[in-house]
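Next comes data-v1.cif, with mmCIF, C-alpha atoms.
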```cif
data_query
#
loop_
_atom_site.label_atom_id
_atom_site.label_comp_id
_atom_site.auth_asym_id
_atom_site.auth_seq_id
_atom_site.Cartn_x
_atom_site.Cartn_y
_atom_site.Cartn_z
CA MET T 1 -144.67 -121.70 -1.50
CA GLY T 2 -143.77 -122.52 2.06
CA VAL T 3 -140.40 -121.69 3.58
CA TYR T 4 -140.05 -125.23 4.86
CA SER T 5 -140.50 -128.54 3.08
CA LYS T 6 -139.80 -132.00 4.47
CA TYR T 7 -141.09 -135.35 3.27
CA LEU T 8 -142.71 -137.64 5.81
CA TYR T 9 -139.92 -140.21 5.55
CA GLN T 10 -137.35 -137.48 6.27
CA LEU T 11 -139.22 -136.40 9.41
CA VAL T 12 -139.53 -140.01 10.58
CA GLN T 13 -135.79 -140.48 10.20
CA SER T 14 -134.98 -137.17 11.93
CA VAL T 15 -137.15 -138.01 14.92
CA ALA T 16 -135.70 -141.53 15.07
CA TYR T 17 -132.12 -140.23 14.78
CA SER T 18 -132.77 -137.89 17.70
CA LEU T 19 -133.72 -140.95 19.76
CA ASP T 20 -130.72 -142.99 18.58
CA ASP T 21 -133.16 -145.32 16.85
CA CYS T 22 -132.31 -145.14 13.16
CA ARG T 23 -129.88 -146.53 10.64
CA VAL T 24 -130.45 -145.75 6.97
CA VAL T 25 -129.17 -148.39 4.56
CA THR T 26 -129.17 -149.24 0.86
CA ALA T 27 -129.38 -152.79 -0.45
CA GLU T 28 -126.44 -154.05 -2.49
CA ALA T 29 -126.10 -156.55 -5.30
CA GLY T 30 -126.96 -160.09 -4.26
CA SER T 31 -129.81 -159.10 -1.96
CA THR T 32 -132.94 -161.25 -2.13
CA ASN T 33 -136.46 -161.04 -0.74
CA THR T 34 -135.17 -162.33 2.62
CA ASN T 35 -131.54 -161.17 2.65
CA PHE T 36 -130.61 -157.48 2.79
CA ILE T 37 -126.90 -157.13 2.03
CA CYS T 38 -125.17 -153.91 3.04
CA SER T 39 -121.38 -153.88 3.32
CA TYR T 40 -121.14 -150.91 5.68
CA LEU T 41 -123.05 -152.65 8.49
CA THR T 42 -120.17 -153.57 10.79
CA GLU T 43 -122.02 -154.35 14.02
CA ALA T 44 -121.57 -157.68 15.77
CA ASP T 45 -123.55 -160.80 14.88
CA ASP T 46 -127.23 -160.61 15.89
CA TYR T 47 -126.97 -156.85 16.58
CA PHE T 48 -130.06 -156.00 14.51
CA LYS T 49 -132.05 -159.07 15.53
CA GLY T 50 -135.56 -158.00 16.57
CA TRP T 51 -135.32 -154.60 14.88
CA ASP T 52 -137.77 -153.45 12.20
CA LEU T 53 -136.44 -152.97 8.68
CA ARG T 54 -138.67 -150.71 6.62
CA ILE T 55 -138.08 -149.95 2.95
CA PHE T 56 -138.87 -146.30 2.23
CA ALA T 57 -137.67 -146.05 -1.39
CA GLY T 58 -137.11 -148.34 -4.37
CA VAL T 59 -138.28 -151.93 -4.71
CA ASN T 60 -140.57 -152.99 -1.81
CA ALA T 61 -141.10 -149.38 -0.70
CA GLY T 62 -143.60 -149.15 2.15
CA GLN T 63 -142.99 -152.69 3.42
CA THR T 64 -141.73 -153.45 6.93
CA ARG T 65 -140.22 -156.73 8.09
CA LYS T 66 -138.81 -157.98 11.38
CA VAL T 67 -135.09 -158.82 11.40
CA SER T 68 -134.64 -162.46 12.37
CA ASP T 69 -130.84 -162.58 12.14
CA PHE T 70 -127.74 -160.58 11.25
CA HIS T 71 -124.42 -162.01 10.09
CA ASN T 72 -121.39 -159.75 10.41
CA THR T 73 -119.14 -161.87 8.20
CA ASN T 74 -121.20 -161.31 5.07
CA THR T 75 -123.02 -158.14 6.30
CA THR T 76 -126.39 -159.75 5.69
CA VAL T 77 -129.64 -158.88 7.43
CA ILE T 78 -132.19 -161.69 7.29
CA VAL T 79 -135.88 -160.80 7.57
CA ALA T 80 -139.09 -162.73 8.08
CA PRO T 81 -141.50 -162.96 6.45
CA ALA T 82 -139.98 -162.37 3.04
CA PHE T 83 -140.42 -159.11 1.17
CA THR T 84 -142.81 -159.26 -1.76
CA SER T 85 -139.99 -158.97 -4.30
CA ALA T 86 -136.24 -159.38 -4.35
CA LEU T 87 -134.51 -156.29 -3.00
CA ALA T 88 -132.70 -154.18 -5.59
CA THR T 89 -129.81 -151.74 -5.41
CA ASN T 90 -132.35 -148.88 -5.29
CA SER T 91 -134.04 -150.35 -2.17
CA GLN T 92 -133.40 -147.92 0.67
CA GLY T 93 -134.31 -148.96 4.18
CA GLU T 94 -134.34 -147.76 7.76
CA PHE T 95 -133.83 -149.77 10.96
CA HIS T 96 -135.91 -149.01 14.06
CA ARG T 97 -135.77 -150.69 17.45
CA LEU T 98 -137.50 -148.50 20.03
CA TYR T 99 -140.58 -147.44 18.05
CA SER T 100 -142.24 -148.64 14.89
CA TYR T 101 -142.64 -146.57 11.73
CA GLU T 102 -146.37 -146.28 12.48
CA GLN T 103 -145.63 -144.89 15.94
CA TYR T 104 -143.28 -142.31 14.45
CA LYS T 105 -145.86 -141.32 11.84
CA ASP T 106 -148.59 -141.05 14.47
CA ALA T 107 -146.43 -138.82 16.69
CA ILE T 108 -145.57 -136.57 13.73
CA ASN T 109 -149.23 -136.20 12.75
CA ARG T 110 -150.22 -135.48 16.34
CA ALA T 111 -147.57 -132.75 16.40
CA ILE T 112 -149.02 -131.31 13.20
CA GLU T 113 -152.54 -131.33 14.62
CA MET T 114 -151.38 -129.56 17.80
CA ALA T 115 -150.04 -126.60 15.83
CA ARG T 116 -152.36 -126.62 12.83
CA ASP T 117 -153.68 -123.09 13.43
CA ASP T 118 -150.37 -121.61 14.57
CA TYR T 119 -148.29 -121.79 11.40
CA LEU T 120 -150.33 -121.22 8.27
CA ILE T 121 -149.21 -121.90 4.72
CA ASP T 122 -149.67 -119.66 1.68
CA LYS T 123 -152.21 -121.13 -0.72
CA ILE T 124 -153.30 -120.09 -4.24
CA ASP T 125 -156.06 -121.72 -6.26
CA GLU T 126 -157.14 -121.00 -9.84
CA THR T 127 -159.67 -123.79 -10.42
CA VAL T 128 -162.93 -121.93 -9.79
CA ALA T 129 -164.56 -120.48 -12.91
CA LEU T 130 -167.51 -118.08 -12.89
CA ALA T 131 -170.79 -119.00 -14.56
CA THR T 132 -173.42 -116.52 -15.73
CA ASP T 133 -175.92 -115.62 -12.97
CA THR T 134 -174.33 -118.08 -10.52
CA TYR T 135 -173.42 -116.50 -7.20
CA GLU T 136 -172.38 -119.44 -5.00
CA TYR T 137 -169.23 -121.54 -5.54
CA ALA T 138 -167.63 -124.31 -3.53
CA ILE T 139 -164.41 -123.14 -1.90
CA PRO T 140 -161.50 -125.38 -2.92
CA ALA T 141 -160.31 -127.71 -0.18
CA GLY T 142 -157.53 -126.65 2.14
CA PHE T 143 -158.25 -122.97 2.71
CA ARG T 144 -158.43 -121.75 6.32
CA TYR T 145 -158.60 -118.07 5.39
CA ILE T 146 -159.26 -116.20 2.15
CA CYS T 147 -157.16 -113.04 1.88
CA GLY T 148 -157.98 -111.88 -1.63
CA ILE T 149 -159.60 -112.79 -4.96
CA TRP T 150 -158.66 -111.67 -8.47
CA LEU T 151 -160.65 -112.17 -11.67
CA GLU T 152 -158.92 -113.50 -14.77
CA ASP T 153 -158.49 -110.85 -17.42
CA PRO T 154 -161.34 -110.88 -20.00
CA THR T 155 -158.93 -111.00 -22.94
CA ASP T 156 -155.65 -112.44 -21.59
CA ALA T 157 -156.23 -116.01 -20.44
CA ASN T 158 -154.46 -117.00 -17.21
CA THR T 159 -153.54 -113.38 -16.56
CA TYR T 160 -154.56 -111.50 -13.43
CA TYR T 161 -154.08 -107.74 -13.37
CA ASP T 162 -154.49 -105.42 -10.39
CA SER T 163 -157.69 -104.16 -11.99
CA GLY T 164 -159.14 -107.63 -11.56
CA TRP T 165 -159.04 -107.47 -7.77
CA ILE T 166 -162.51 -108.10 -6.32
CA HIS T 167 -163.28 -105.97 -3.27
CA MET T 168 -163.90 -108.08 -0.19
CA ASN T 169 -167.25 -106.36 0.35
CA HIS T 170 -168.53 -108.14 -2.77
CA TYR T 171 -168.36 -111.68 -1.34
CA THR T 172 -168.61 -113.65 1.86
CA VAL T 173 -167.95 -117.17 3.11
CA MET T 174 -171.03 -119.22 3.89
CA PRO T 175 -170.41 -122.20 6.22
CA HIS T 176 -172.15 -125.52 5.69
CA ASN T 177 -172.33 -128.41 8.12
CA THR T 178 -171.96 -131.27 5.66
CA THR T 179 -170.73 -129.81 2.39
CA ALA T 180 -167.88 -127.56 1.32
CA ASN T 181 -168.02 -123.94 2.40
CA LYS T 182 -169.51 -121.66 -0.24
CA LEU T 183 -168.03 -118.50 -1.65
CA LYS T 184 -171.07 -116.27 -2.11
CA PHE T 185 -170.97 -113.16 -4.28
CA HIS T 186 -173.47 -110.41 -3.51
CA ASP T 187 -175.72 -110.02 -6.54
CA ASN T 188 -176.60 -106.45 -5.60
CA SER T 189 -172.97 -105.27 -5.80
CA TYR T 190 -171.14 -107.71 -8.07
CA ALA T 191 -172.89 -108.76 -11.21
CA ILE T 192 -171.83 -112.06 -12.77
CA GLY T 193 -173.01 -111.69 -16.35
CA ALA T 194 -172.15 -113.24 -19.69
CA SER T 195 -169.05 -111.02 -20.03
CA VAL T 196 -167.26 -112.93 -17.24
CA ASN T 197 -168.72 -116.37 -17.91
CA GLY T 198 -165.95 -118.99 -17.78
CA LYS T 199 -163.40 -116.60 -16.30
CA LYS T 200 -161.35 -118.11 -13.50
CA LEU T 201 -160.74 -116.74 -10.04
CA ARG T 202 -157.34 -116.54 -8.42
CA ILE T 203 -158.07 -117.17 -4.75
CA ILE T 204 -155.22 -116.32 -2.40
CA GLY T 205 -155.24 -117.25 1.24
CA LEU T 206 -153.80 -119.32 4.06
CA ALA T 207 -154.07 -123.05 4.65
CA THR T 208 -153.34 -125.44 7.48
CA GLN T 209 -150.87 -128.30 7.19
CA GLU T 210 -152.63 -131.55 6.39
CA VAL T 211 -151.70 -134.78 8.13
CA LEU T 212 -149.17 -136.97 6.33
CA SER T 213 -150.03 -140.42 5.01
CA ASN T 214 -147.39 -141.35 2.44
CA ASP T 215 -143.60 -141.18 2.56
CA SER T 216 -143.63 -138.56 -0.20
CA ASP T 217 -146.22 -136.32 1.53
CA THR T 218 -144.73 -132.91 2.31
CA CYS T 219 -144.80 -131.05 5.62
CA GLU T 220 -144.40 -127.28 5.44
CA LEU T 221 -144.34 -126.66 9.19
CA PRO T 222 -140.98 -125.69 10.73
CA PRO T 223 -139.30 -129.09 11.02
CA GLU T 224 -137.59 -128.45 14.35
CA TYR T 225 -140.99 -127.96 16.01
CA VAL T 226 -142.38 -131.15 14.46
CA ILE T 227 -139.32 -133.19 15.38
CA GLN T 228 -139.16 -132.00 18.98
CA GLN T 229 -142.92 -132.30 19.55
CA ALA T 230 -143.05 -135.80 18.06
CA ARG T 231 -139.99 -136.74 20.10
CA ALA T 232 -141.65 -135.50 23.29
CA LEU T 233 -144.85 -137.42 22.56
CA LEU T 234 -142.91 -140.65 22.09
CA LEU T 235 -140.73 -140.17 25.16
CA TYR T 236 -143.75 -139.46 27.37
CA THR T 237 -144.87 -143.04 26.74
CA ARG T 238 -141.87 -144.28 28.75
CA ASP T 239 -141.78 -143.87 32.53
CA ASP T 240 -137.97 -143.74 32.55
CA LYS T 241 -137.78 -140.87 30.06
CA GLN T 242 -139.99 -138.20 31.61
CA THR T 243 -137.16 -135.71 32.26
CA VAL T 244 -135.87 -136.04 28.69
CA ALA T 245 -139.45 -135.73 27.42
CA ASP T 246 -139.90 -132.50 29.39
CA ARG T 247 -136.79 -131.04 27.75
CA ALA T 248 -138.04 -132.00 24.29
CA GLN T 249 -141.44 -130.50 25.08
CA GLY T 250 -139.80 -127.28 26.22
CA ARG T 251 -137.90 -127.01 22.96
CA ALA T 252 -141.09 -127.73 21.01
CA ASN T 253 -142.97 -125.04 22.94
CA GLU T 254 -140.25 -122.49 22.19
CA GLU T 255 -140.34 -123.32 18.48
CA ARG T 256 -144.12 -123.12 18.47
CA ARG T 257 -144.15 -119.66 20.04
CA GLN T 258 -141.90 -118.36 17.28
CA MET T 259 -143.86 -119.78 14.37
CA VAL T 260 -147.30 -118.22 14.95
CA THR T 261 -148.67 -116.72 11.72
CA THR T 262 -150.39 -113.33 11.83
CA VAL T 263 -153.67 -113.49 9.92
CA PRO T 264 -154.55 -110.33 7.94
CA ALA T 265 -157.25 -108.36 9.72
CA LEU T 266 -159.70 -108.46 6.79
CA ALA T 267 -159.16 -112.11 5.90
CA LYS T 268 -162.34 -114.19 5.71
CA THR T 269 -162.44 -117.37 7.77
CA VAL T 270 -163.25 -120.61 6.00
CA PHE T 271 -165.13 -122.66 8.58
CA GLU T 272 -164.26 -126.29 9.18
CA THR T 273 -166.88 -128.89 8.24
#
```
Represent the structure of the file as structure tokens.
Amino acid sequence: MGVYSKYLYQLVQSVAYSLDDCRVVTAEAGSTNTNFICSYLTEADDYFKGWDLRIFAGVNAGQTRKVSDFHNTNTTVIVAPAFTSALATNSQGEFHRLYSYEQYKDAINRAIEMARDDYLIDKIDETVALATDTYEYAIPAGFRYICGIWLEDPTDANTYYDSGWIHMNHYTVMPHNTTANKLKFHDNSYAIGASVNGKKLRIIGLATQEVLSNDSDTCELPPEYVIQQARALLLYTRDDKQTVADRAQGRANEERRQMVTTVPALAKTVFET
């Protein structure tokens, strides 16, 4: 498992908070599909007018609406168009003014892509099973490097002893342009006979962080790097924020230098397709 773990919605809120562009709220009883009631919103009338209100959890999760009005007296945010359903007390939302949710998500994913080969994540897969006289197997998705393979014990299902370690000289990674990389065993040094038919492989290696699509998708990169890099990318879009953007980029660069993963010398590279 990775040392770090942040959901996409948590990263969005962290980046937005760092830009003074986030308020997290929870709908209260009496809310409707157009009225979001929250008693701890104490700003002046019309304060949130023009902001985005996005629901990230509960009823209407994933929906974003523009705030058309805000009434301080009854702490009611009015949105248009209406949400699909009436808001419930489990509807959690976030306000954004400077950047949209999609802009935050894009900046976070760009930050991930920039450091995808710097910080690698431990990965284990036990889905590949050997078949008699079959020497090529598709490598499960996600691996960037394979560091070791163990064979399931012949008598103890789902058990992998040290004796089951397969020497790295017995297999190689074969790249393909259009299909998954193949794990190829050498038939002259590692026989795959009936005695191991159906036995699973425990493949251990390193993976890159995938881009995030859904609020519940998890990022295992160091969050401070992601937050500062995404923050810098957003600030660089504004001519009046270049100095602040440079400072954020400097902090991101420092975090990135510290998070580089050392790949084991004998690890086998899984080529990208």
What are the nearest atom pairs, with distances in Å to one decimal, for all residues of region 25-72 of chain T that come at most 12 Å from region 211-220 of chain T, using all atoms listed in the file, set out by chain and rising residue number as a tab-separated table?
```
residue	atom	partner	partner_atom	distance
T:Arg54	CA	T:Asp215	CA	11.5
T:Ile55	CA	T:Asp215	CA	10.4
T:Phe56	CA	T:Asp215	CA	7.0
T:Ala57	CA	T:Asp215	CA	8.6
T:Gly58	CA	T:Asp215	CA	11.9
T:Ala61	CA	T:Asp215	CA	9.2
T:Gly62	CA	T:Asp215	CA	8.0
T:Gln63	CA	T:Asp215	CA	11.6
```
- prompt: Written as a ChimeraX atom specification, what is the full residue list that the PyMOL selection byres ((chain T and resi 114) around 12) yields on the file shown?
  reply: /T:107-113,115-119,208-211,221,225-226,229-230,233,252-253,256
Apply the PyMOL selection byres ((chain T and resi 157) around 12) to the structure shown and report the selected residues as a PDB file with C-alpha atoms, in the frame of the given file.
```
ATOM      1  CA  GLU T 126    -157.140-121.000  -9.840  1.00  0.00           C
ATOM      2  CA  LEU T 151    -160.650-112.170 -11.670  1.00  0.00           C
ATOM      3  CA  GLU T 152    -158.920-113.500 -14.770  1.00  0.00           C
ATOM      4  CA  ASP T 153    -158.490-110.850 -17.420  1.00  0.00           C
ATOM      5  CA  PRO T 154    -161.340-110.880 -20.000  1.00  0.00           C
ATOM      6  CA  THR T 155    -158.930-111.000 -22.940  1.00  0.00           C
ATOM      7  CA  ASP T 156    -155.650-112.440 -21.590  1.00  0.00           C
ATOM      8  CA  ASN T 158    -154.460-117.000 -17.210  1.00  0.00           C
ATOM      9  CA  THR T 159    -153.540-113.380 -16.560  1.00  0.00           C
ATOM     10  CA  TYR T 160    -154.560-111.500 -13.430  1.00  0.00           C
ATOM     11  CA  TYR T 161    -154.080-107.740 -13.370  1.00  0.00           C
ATOM     12  CA  VAL T 196    -167.260-112.930 -17.240  1.00  0.00           C
ATOM     13  CA  GLY T 198    -165.950-118.990 -17.780  1.00  0.00           C
ATOM     14  CA  LYS T 199    -163.400-116.600 -16.300  1.00  0.00           C
ATOM     15  CA  LYS T 200    -161.350-118.110 -13.500  1.00  0.00           C
ATOM     16  CA  LEU T 201    -160.740-116.740 -10.040  1.00  0.00           C
TER      17      LEU T 201
END
```
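Comparing the minimum interatomic distances between Ile121 (chain T) and each of T:Leu235, T:Ala191, T:Ile146, T:Val15, counting all atoms listed in the file, we find that T:Ile146 sits nearest.
Relative to CA of Arg65 (chain T), CA of Asp46 (chain T) is found at 15.6 Å.
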Closest of T:Asn197, T:Ser18, T:Gln249, T:Thr243 to Thr132 (chain T) - atom-to-atom distances counting all atoms listed in the file: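 When distances to Thr132 (chain T) are compared using all atoms listed in the file, the smallest one comes from T:Asn197.
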query: From the list T:His167, T:Arg144, T:His96, T:Arg202, which residue is nearest His186 (chain T) when using all atoms listed in the file?
result: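 Among the listed residues, the smallest separation from His186 (chain T) belongs to T:His167.
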- prompt: Thr89 (chain T): which residues within 8 Å, counting only C-alpha atoms, same-chain residues fewer than 6 positions away excluded, as a list in words?
  reply: Thr26, Ala27, Glu28 and Ala29 of chain T
- prompt: Which residue, T:Thr172, T:Gln103, T:Thr84, T:Ser195, has the smallest gap to Tyr135 (chain T) when you use all atoms listed in the file?
  reply: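 Smallest distance to Tyr135 (chain T) is found for T:Thr172.
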- request: Report the distance between CA of Asp69 (chain T) and CA of Thr237 (chain T) in Å, rounded to one decimal place.
  value: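 Answer for the CA of Asp69 (chain T) to CA of Thr237 (chain T) separation: 28.1 Å.
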Contacts of region 137-140 of chain T within 8 Å, all atoms listed in the file, excl. fewer than 2 positions in-chain, as a PyMOL selection string: chain T and resi 125+127-128+134-135+142-143+180-184
Spell out the residues picked by the PyMOL selection byres ((chain T and resi 50) around 7) here, as a PDB file with C-alpha atoms, in the coordinates of the input.
```pdb
ATOM      1  CA  PHE T  48    -130.060-156.000  14.510  1.00  0.00           C
ATOM      2  CA  LYS T  49    -132.050-159.070  15.530  1.00  0.00           C
ATOM      3  CA  TRP T  51    -135.320-154.600  14.880  1.00  0.00           C
ATOM      4  CA  ASP T  52    -137.770-153.450  12.200  1.00  0.00           C
ATOM      5  CA  LYS T  66    -138.810-157.980  11.380  1.00  0.00           C
ATOM      6  CA  VAL T  67    -135.090-158.820  11.400  1.00  0.00           C
ATOM      7  CA  SER T  68    -134.640-162.460  12.370  1.00  0.00           C
TER       8      SER T  68
END
```
message: From (-171.9, -100.5, -4.9), in the file's coordinates, out to 10 Å: which residues are reached, counting only C-alpha atoms? Answer as a PyMOL selection string.
response: chain T and resi 169-170+188-190
message: I'd like the interatomic distance between CA of Glu43 (chain T) and CA of Leu87 (chain T), to a tenth of an Å.
response: 21.2 Å
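Nearest residue to Pro222 (chain T), choosing from T:Leu19, T:Val260, T:Leu98, T:Ala245 and counting all atoms listed in the file: T:Val260.
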